[in-house]
Amino acid sequence: MDLFAQPLSPAALAVVTILCLAAIVLLLRLGRKQSQAVSAKFLAAHPDAATLYIYAQDLDRSGGEVECFYGTASRLFDSIDVPQPLMKKGVACHLLPGKTELLATLTCRGKPLANARCNFEVLPRCSYGVVFTAADRSAQLIQMDKEKLF
């Protein structure tokens, strides 16, 4: 008798479905905890760090990448995991105050859509955004709640 050649009964199918859904929820929670830990660990070591958000204003969901040429940036994490987030979409990282030069890349489904090279002075405990418009692949660096920086 080959167990895997038999069709599943409705009860067995229900159990398998519940187990799959539980695994998905568990993996999502684990990912959220890891993202929160990245932010919290960097802020614990550097309480005067600034925050950089990377997002597209015309996309509901997007990701990003950061390559820091000068200065120090944390690993990326979900923007919602910033304590008191100013932006709840895209990704974020923390930056140490001082002169910073970086390349921010907007991604959607893991594929790069646009790049922005930023060179600016990071102020302690400030928030910045590299705000992309995916439709025309443009970007601007802003100090959150302030005028644009370039």
# chains A, B, ... in the order shown; residues from 1 in each chain; ligands from 1
call {"tool": "select_by_dssp", "arguments": {"residues": "stretch 3-148 of chain A", "states": "helix (DSSP H, G or I)", "output": "short mmCIF file (atom, residue, chain, number, x, y, z; two decimals) with all heavy atoms, in the first residue's frame"}}
result
data_model
loop_
_atom_site.label_atom_id
_atom_site.label_comp_id
_atom_site.auth_asym_id
_atom_site.auth_seq_id
_atom_site.Cartn_x
_atom_site.Cartn_y
_atom_site.Cartn_z
N LEU A 3 1.23 4.97 0.53
CA LEU A 3 0.52 6.03 1.26
C LEU A 3 0.37 7.30 0.43
O LEU A 3 -0.65 7.98 0.47
CB LEU A 3 1.25 6.34 2.57
CG LEU A 3 0.63 7.40 3.47
CD1 LEU A 3 -0.74 6.94 3.96
CD2 LEU A 3 1.53 7.70 4.63
N PHE A 4 1.37 7.65 -0.36
CA PHE A 4 1.34 8.90 -1.11
C PHE A 4 0.56 8.80 -2.42
O PHE A 4 0.29 9.80 -3.06
CB PHE A 4 2.77 9.38 -1.38
CG PHE A 4 3.48 9.75 -0.11
CD1 PHE A 4 4.48 8.93 0.39
CD2 PHE A 4 3.14 10.88 0.59
CE1 PHE A 4 5.14 9.26 1.56
CE2 PHE A 4 3.79 11.23 1.77
CZ PHE A 4 4.79 10.42 2.27
N ALA A 5 0.17 7.60 -2.82
CA ALA A 5 -0.61 7.42 -4.04
C ALA A 5 -2.11 7.53 -3.77
O ALA A 5 -2.90 7.59 -4.70
CB ALA A 5 -0.30 6.08 -4.67
N PRO A 10 -11.04 14.43 3.32
CA PRO A 10 -11.32 15.83 3.68
C PRO A 10 -10.71 16.23 5.02
O PRO A 10 -10.18 17.33 5.17
CB PRO A 10 -12.84 15.90 3.70
CG PRO A 10 -13.29 14.83 2.76
CD PRO A 10 -12.27 13.72 2.93
N ALA A 11 -10.73 15.34 6.00
CA ALA A 11 -10.15 15.65 7.30
C ALA A 11 -8.64 15.81 7.20
O ALA A 11 -8.05 16.73 7.77
CB ALA A 11 -10.52 14.56 8.31
N ALA A 12 -7.98 14.91 6.48
CA ALA A 12 -6.53 15.00 6.31
C ALA A 12 -6.15 16.25 5.53
O ALA A 12 -5.17 16.92 5.85
CB ALA A 12 -6.01 13.75 5.61
N LEU A 13 -6.94 16.59 4.52
CA LEU A 13 -6.69 17.81 3.74
C LEU A 13 -6.83 19.05 4.62
O LEU A 13 -6.03 19.98 4.52
CB LEU A 13 -7.66 17.88 2.56
CG LEU A 13 -7.43 18.98 1.55
CD1 LEU A 13 -6.02 18.91 0.97
CD2 LEU A 13 -8.46 18.91 0.43
N ALA A 14 -7.81 19.06 5.51
CA ALA A 14 -7.99 20.18 6.43
C ALA A 14 -6.80 20.30 7.37
O ALA A 14 -6.30 21.41 7.63
CB ALA A 14 -9.29 20.00 7.22
N VAL A 15 -6.30 19.19 7.88
CA VAL A 15 -5.14 19.21 8.78
C VAL A 15 -3.90 19.72 8.06
O VAL A 15 -3.16 20.56 8.58
CB VAL A 15 -4.90 17.80 9.38
CG1 VAL A 15 -3.56 17.73 10.10
CG2 VAL A 15 -6.02 17.43 10.32
N VAL A 16 -3.67 19.26 6.85
CA VAL A 16 -2.51 19.70 6.07
C VAL A 16 -2.61 21.20 5.78
O VAL A 16 -1.63 21.94 5.91
CB VAL A 16 -2.38 18.89 4.76
CG1 VAL A 16 -1.37 19.51 3.82
CG2 VAL A 16 -2.00 17.45 5.07
N THR A 17 -3.79 21.67 5.43
CA THR A 17 -4.00 23.10 5.16
C THR A 17 -3.73 23.94 6.40
O THR A 17 -3.04 24.96 6.34
CB THR A 17 -5.44 23.34 4.65
OG1 THR A 17 -5.64 22.57 3.47
CG2 THR A 17 -5.67 24.81 4.36
N ILE A 18 -4.23 23.50 7.55
CA ILE A 18 -4.01 24.23 8.80
C ILE A 18 -2.52 24.25 9.15
O ILE A 18 -1.99 25.28 9.57
CB ILE A 18 -4.86 23.62 9.93
CG1 ILE A 18 -6.33 23.94 9.69
CG2 ILE A 18 -4.42 24.13 11.30
CD1 ILE A 18 -7.30 23.22 10.59
N LEU A 19 -1.84 23.14 8.98
CA LEU A 19 -0.41 23.09 9.27
C LEU A 19 0.38 24.02 8.34
O LEU A 19 1.31 24.71 8.78
CB LEU A 19 0.11 21.66 9.15
CG LEU A 19 -0.32 20.70 10.27
CD1 LEU A 19 0.17 19.28 9.97
CD2 LEU A 19 0.20 21.18 11.61
N CYS A 20 0.01 24.08 7.07
CA CYS A 20 0.69 24.98 6.12
C CYS A 20 0.46 26.44 6.49
O CYS A 20 1.39 27.25 6.48
CB CYS A 20 0.22 24.71 4.69
SG CYS A 20 0.85 23.17 4.01
N LEU A 21 -0.77 26.78 6.84
CA LEU A 21 -1.07 28.15 7.25
C LEU A 21 -0.34 28.53 8.53
O LEU A 21 0.18 29.64 8.67
CB LEU A 21 -2.58 28.34 7.42
CG LEU A 21 -3.40 28.32 6.13
CD1 LEU A 21 -4.89 28.35 6.45
CD2 LEU A 21 -3.01 29.47 5.23
N ALA A 22 -0.26 27.60 9.48
CA ALA A 22 0.47 27.85 10.72
C ALA A 22 1.96 28.08 10.44
O ALA A 22 2.58 28.96 11.04
CB ALA A 22 0.27 26.70 11.70
N ALA A 23 2.52 27.30 9.52
CA ALA A 23 3.93 27.48 9.16
C ALA A 23 4.17 28.84 8.52
O ALA A 23 5.17 29.51 8.82
CB ALA A 23 4.38 26.36 8.23
N ILE A 24 3.26 29.28 7.67
CA ILE A 24 3.38 30.59 7.03
C ILE A 24 3.33 31.70 8.06
O ILE A 24 4.15 32.63 8.06
CB ILE A 24 2.30 30.77 5.94
CG1 ILE A 24 2.59 29.84 4.76
CG2 ILE A 24 2.21 32.23 5.49
CD1 ILE A 24 1.46 29.74 3.76
N VAL A 25 2.38 31.64 8.97
CA VAL A 25 2.26 32.66 10.03
C VAL A 25 3.51 32.67 10.90
O VAL A 25 4.03 33.74 11.24
CB VAL A 25 0.99 32.40 10.88
CG1 VAL A 25 0.98 33.25 12.14
CG2 VAL A 25 -0.26 32.67 10.05
N LEU A 26 4.02 31.51 11.25
CA LEU A 26 5.23 31.42 12.06
C LEU A 26 6.42 32.05 11.35
O LEU A 26 7.19 32.81 11.96
CB LEU A 26 5.51 29.96 12.40
CG LEU A 26 6.73 29.69 13.28
CD1 LEU A 26 6.51 30.29 14.65
CD2 LEU A 26 6.97 28.19 13.39
N LEU A 27 6.58 31.77 10.06
CA LEU A 27 7.69 32.35 9.30
C LEU A 27 7.56 33.86 9.18
O LEU A 27 8.56 34.60 9.27
CB LEU A 27 7.78 31.71 7.91
CG LEU A 27 8.26 30.26 7.89
CD1 LEU A 27 8.13 29.66 6.50
CD2 LEU A 27 9.70 30.18 8.38
N LEU A 28 6.35 34.37 8.99
CA LEU A 28 6.13 35.82 8.93
C LEU A 28 6.47 36.49 10.26
O LEU A 28 7.11 37.54 10.29
CB LEU A 28 4.70 36.14 8.52
CG LEU A 28 4.33 35.84 7.08
CD1 LEU A 28 2.83 36.03 6.85
CD2 LEU A 28 5.13 36.72 6.13
N ARG A 29 6.07 35.88 11.35
CA ARG A 29 6.39 36.44 12.67
C ARG A 29 7.89 36.40 12.94
O ARG A 29 8.44 37.34 13.50
CB ARG A 29 5.63 35.70 13.76
CG ARG A 29 4.18 36.05 13.79
CD ARG A 29 3.50 35.51 15.01
NE ARG A 29 2.10 35.87 14.96
CZ ARG A 29 1.27 35.69 15.94
NH1 ARG A 29 1.69 35.16 17.06
NH2 ARG A 29 0.01 36.05 15.82
N LEU A 30 8.54 35.33 12.54
CA LEU A 30 9.99 35.23 12.71
C LEU A 30 10.70 36.32 11.91
O LEU A 30 11.62 36.96 12.40
CB LEU A 30 10.48 33.84 12.28
CG LEU A 30 11.98 33.58 12.39
CD1 LEU A 30 12.44 33.70 13.82
CD2 LEU A 30 12.32 32.21 11.84
N GLY A 31 10.26 36.55 10.67
CA GLY A 31 10.84 37.62 9.85
C GLY A 31 10.63 38.99 10.47
O GLY A 31 11.53 39.83 10.47
N ARG A 32 9.45 39.24 11.03
CA ARG A 32 9.16 40.52 11.68
C ARG A 32 10.06 40.71 12.89
O ARG A 32 10.62 41.76 13.11
CB ARG A 32 7.68 40.57 12.09
CG ARG A 32 7.28 41.73 12.95
CD ARG A 32 7.22 43.08 12.27
NE ARG A 32 6.41 43.02 11.09
CZ ARG A 32 6.73 43.63 9.95
NH1 ARG A 32 7.81 44.34 9.86
NH2 ARG A 32 5.97 43.53 8.91
N LYS A 33 10.24 39.66 13.69
CA LYS A 33 11.10 39.76 14.87
C LYS A 33 12.55 40.03 14.48
O LYS A 33 13.23 40.81 15.13
CB LYS A 33 11.00 38.51 15.72
CG LYS A 33 9.67 38.36 16.43
CD LYS A 33 9.86 37.75 17.79
CE LYS A 33 8.53 37.62 18.49
NZ LYS A 33 8.18 38.79 19.24
N GLN A 34 13.02 39.40 13.41
CA GLN A 34 14.39 39.63 12.95
C GLN A 34 14.55 41.07 12.48
O GLN A 34 15.57 41.72 12.75
CB GLN A 34 14.77 38.65 11.86
CG GLN A 34 14.98 37.24 12.36
CD GLN A 34 15.26 36.25 11.24
OE1 GLN A 34 14.94 36.50 10.08
NE2 GLN A 34 15.84 35.12 11.59
N SER A 35 13.57 41.58 11.76
CA SER A 35 13.61 42.96 11.28
C SER A 35 13.63 43.94 12.45
O SER A 35 14.41 44.90 12.47
CB SER A 35 12.41 43.22 10.37
OG SER A 35 12.41 44.54 9.89
N GLN A 36 12.79 43.71 13.44
CA GLN A 36 12.76 44.57 14.63
C GLN A 36 14.08 44.51 15.37
O GLN A 36 14.56 45.53 15.88
CB GLN A 36 11.61 44.15 15.55
CG GLN A 36 10.25 44.46 14.99
CD GLN A 36 9.13 43.79 15.77
OE1 GLN A 36 9.34 42.84 16.52
NE2 GLN A 36 7.92 44.29 15.57
N ALA A 37 14.69 43.34 15.42
CA ALA A 37 15.96 43.17 16.13
C ALA A 37 17.08 43.96 15.45
O ALA A 37 17.94 44.53 16.13
CB ALA A 37 16.33 41.70 16.23
N VAL A 38 17.09 44.01 14.12
CA VAL A 38 18.12 44.77 13.40
C VAL A 38 18.04 46.24 13.80
O VAL A 38 19.04 46.87 14.14
CB VAL A 38 17.96 44.61 11.87
CG1 VAL A 38 18.82 45.62 11.11
CG2 VAL A 38 18.31 43.20 11.44
N SER A 39 16.83 46.79 13.78
CA SER A 39 16.64 48.20 14.14
C SER A 39 17.00 48.45 15.60
O SER A 39 17.76 49.36 15.92
CB SER A 39 15.19 48.61 13.88
OG SER A 39 14.96 49.93 14.31
N ALA A 40 16.47 47.62 16.50
CA ALA A 40 16.70 47.83 17.93
C ALA A 40 18.17 47.69 18.31
O ALA A 40 18.69 48.47 19.12
CB ALA A 40 15.85 46.84 18.73
N LYS A 41 18.86 46.72 17.74
CA LYS A 41 20.27 46.50 18.07
C LYS A 41 21.13 47.69 17.64
O LYS A 41 21.99 48.15 18.39
CB LYS A 41 20.76 45.22 17.40
CG LYS A 41 22.18 44.84 17.75
CD LYS A 41 22.58 43.52 17.11
CE LYS A 41 24.02 43.18 17.43
NZ LYS A 41 24.43 41.92 16.80
N PHE A 42 20.89 48.22 16.44
CA PHE A 42 21.68 49.36 15.96
C PHE A 42 21.39 50.59 16.82
O PHE A 42 22.30 51.32 17.20
CB PHE A 42 21.38 49.64 14.49
CG PHE A 42 22.41 50.52 13.83
CD1 PHE A 42 23.54 49.96 13.27
CD2 PHE A 42 22.26 51.89 13.78
CE1 PHE A 42 24.51 50.76 12.66
CE2 PHE A 42 23.21 52.70 13.18
CZ PHE A 42 24.34 52.13 12.61
N LEU A 43 20.11 50.82 17.14
CA LEU A 43 19.76 51.99 17.96
C LEU A 43 20.29 51.87 19.39
O LEU A 43 20.64 52.88 20.01
CB LEU A 43 18.25 52.20 17.98
CG LEU A 43 17.64 52.76 16.70
CD1 LEU A 43 16.13 52.87 16.82
CD2 LEU A 43 18.25 54.11 16.35
N ALA A 44 20.36 50.65 19.92
CA ALA A 44 20.92 50.46 21.26
C ALA A 44 22.40 50.82 21.29
O ALA A 44 22.89 51.42 22.24
CB ALA A 44 20.71 49.02 21.72
N ALA A 45 23.11 50.48 20.22
CA ALA A 45 24.54 50.79 20.13
C ALA A 45 24.79 52.24 19.74
O ALA A 45 25.82 52.81 20.10
CB ALA A 45 25.22 49.86 19.13
N SER A 79 10.36 49.20 7.09
CA SER A 79 10.21 50.55 7.65
C SER A 79 9.23 50.60 8.81
O SER A 79 9.35 51.46 9.68
CB SER A 79 9.79 51.53 6.55
OG SER A 79 8.54 51.17 6.03
N ILE A 80 8.31 49.69 8.88
CA ILE A 80 7.36 49.68 9.98
C ILE A 80 8.02 49.31 11.31
O ILE A 80 7.48 49.55 12.38
CB ILE A 80 6.17 48.74 9.68
CG1 ILE A 80 4.99 49.09 10.56
CG2 ILE A 80 6.56 47.29 9.79
CD1 ILE A 80 3.68 48.56 10.08
N ASP A 81 9.25 48.76 11.26
CA ASP A 81 9.95 48.35 12.47
C ASP A 81 10.81 49.45 13.09
O ASP A 81 11.50 49.22 14.07
CB ASP A 81 10.79 47.11 12.19
CG ASP A 81 9.91 45.92 11.87
OD1 ASP A 81 8.81 45.83 12.44
OD2 ASP A 81 10.30 45.09 11.03
#
call {"tool": "closest_atom_pairs", "arguments": {"of": "stretch 75-107 of chain A", "to": "stretch 117-120 of chain A", "cutoff": "9 Å", "atoms": "only C-alpha atoms", "output": "tab-separated table"}}
result
residue	atom	partner	partner_atom	distance
A:Gly98	CA	A:Phe120	CA	8.3
A:Lys99	CA	A:Phe120	CA	5.9
A:Thr100	CA	A:Phe120	CA	5.5
A:Glu101	CA	A:Asn119	CA	4.3
A:Leu102	CA	A:Cys118	CA	5.3
A:Leu103	CA	A:Arg117	CA	4.4
A:Ala104	CA	A:Arg117	CA	6.3
A:Thr105	CA	A:Arg117	CA	8.7
call {"tool": "write_last_selection", "arguments": {"atoms": "N, CA, C and O atoms", "output": "PDB file, in the first residue's frame"}}
result
ATOM      1  N   GLY A  98      26.970  62.360  10.363  1.00  0.00           N
ATOM      2  CA  GLY A  98      28.186  62.735   9.656  1.00  0.00           C
ATOM      3  C   GLY A  98      27.994  62.667   8.161  1.00  0.00           C
ATOM      4  O   GLY A  98      26.913  62.379   7.654  1.00  0.00           O
ATOM      5  N   LYS A  99      29.078  62.936   7.452  1.00  0.00           N
ATOM      6  CA  LYS A  99      29.037  62.893   5.996  1.00  0.00           C
ATOM      7  C   LYS A  99      28.753  61.469   5.533  1.00  0.00           C
ATOM      8  O   LYS A  99      29.374  60.526   5.988  1.00  0.00           O
ATOM      9  N   THR A 100      27.795  61.360   4.618  1.00  0.00           N
ATOM     10  CA  THR A 100      27.378  60.048   4.130  1.00  0.00           C
ATOM     11  C   THR A 100      27.208  60.088   2.619  1.00  0.00           C
ATOM     12  O   THR A 100      26.660  61.045   2.078  1.00  0.00           O
ATOM     13  N   GLU A 101      27.703  59.070   1.974  1.00  0.00           N
ATOM     14  CA  GLU A 101      27.481  58.904   0.540  1.00  0.00           C
ATOM     15  C   GLU A 101      27.004  57.477   0.326  1.00  0.00           C
ATOM     16  O   GLU A 101      27.639  56.529   0.778  1.00  0.00           O
ATOM     17  N   LEU A 102      25.865  57.346  -0.356  1.00  0.00           N
ATOM     18  CA  LEU A 102      25.296  56.021  -0.557  1.00  0.00           C
ATOM     19  C   LEU A 102      24.541  55.937  -1.864  1.00  0.00           C
ATOM     20  O   LEU A 102      24.206  56.963  -2.469  1.00  0.00           O
ATOM     21  N   LEU A 103      24.316  54.707  -2.281  1.00  0.00           N
ATOM     22  CA  LEU A 103      23.500  54.426  -3.450  1.00  0.00           C
ATOM     23  C   LEU A 103      22.268  53.674  -2.962  1.00  0.00           C
ATOM     24  O   LEU A 103      22.379  52.594  -2.388  1.00  0.00           O
ATOM     25  N   ALA A 104      21.097  54.277  -3.150  1.00  0.00           N
ATOM     26  CA  ALA A 104      19.832  53.644  -2.775  1.00  0.00           C
ATOM     27  C   ALA A 104      19.191  53.089  -4.044  1.00  0.00           C
ATOM     28  O   ALA A 104      19.122  53.777  -5.058  1.00  0.00           O
ATOM     29  N   THR A 105      18.746  51.852  -3.967  1.00  0.00           N
ATOM     30  CA  THR A 105      18.106  51.203  -5.100  1.00  0.00           C
ATOM     31  C   THR A 105      16.696  50.788  -4.703  1.00  0.00           C
ATOM     32  O   THR A 105      16.509  50.124  -3.682  1.00  0.00           O
TER      33      THR A 105
END
call {"tool": "select_by_dssp", "arguments": {"residues": "chain A", "states": "strand (DSSP E)", "output": "JSON, numbers by chain"}}
result
{"A": [50, 51, 52, 53, 54, 55, 56, 63, 64, 65, 66, 67, 68, 69, 70, 77, 78, 91, 92, 93, 94, 95, 98, 99, 100, 101, 102, 103, 104, 105, 106, 107, 108, 111, 112, 113, 114, 115, 116, 117, 118, 119, 120, 121, 122, 127, 128, 129, 130, 131, 132, 133, 138, 139, 140, 141, 142, 143]}
call {"tool": "atom_distance", "arguments": {"atom1": "atom CA of A:Ala139", "atom2": "atom CA of A:Asn115"}}
result
7.7 Å
call {"tool": "closest_residue", "arguments": {"among": "A:Ile142, A:Asp136, A:Pro97, A:Pro83", "to": "A:Tyr53", "atoms": "only C-alpha atoms"}}
result
A:Ile142
call {"tool": "residues_around", "arguments": {"residues": "A:Cys126", "least_positions_apart": "4", "cutoff": "10 Å", "atoms": "only C-alpha atoms", "output": "list of chain:residue names"}}
result
A:Asp48, A:Ala49, A:Ala50, A:Thr51, A:Leu52, A:His94, A:Leu95, A:Pro97, A:Val122, A:Gln143, A:Met144
call {"tool": "closest_residue", "arguments": {"among": "A:Gln84, A:Thr72, A:Gln140, A:Ser62", "to": "A:Leu113", "atoms": "only C-alpha atoms"}}
result
A:Ser62
call {"tool": "closest_residue", "arguments": {"among": "A:Tyr55, A:Val91, A:Gly71, A:Cys108", "to": "A:Leu141", "atoms": "only C-alpha atoms"}}
result
A:Tyr55
call {"tool": "atom_distance", "arguments": {"atom1": "atom CA of A:Leu106", "atom2": "atom CA of A:Ile54"}}
result
7.1 Å
call {"tool": "closest_residue", "arguments": {"among": "A:Cys68, A:Ala116, A:Asp58, A:Ser74", "to": "A:Gly90", "atoms": "only C-alpha atoms"}}
result
A:Asp58
call {"tool": "closest_residue", "arguments": {"among": "A:Leu96, A:Leu8, A:Glu67, A:Arg75", "to": "A:Pro47", "atoms": "only C-alpha atoms"}}
result
A:Leu96
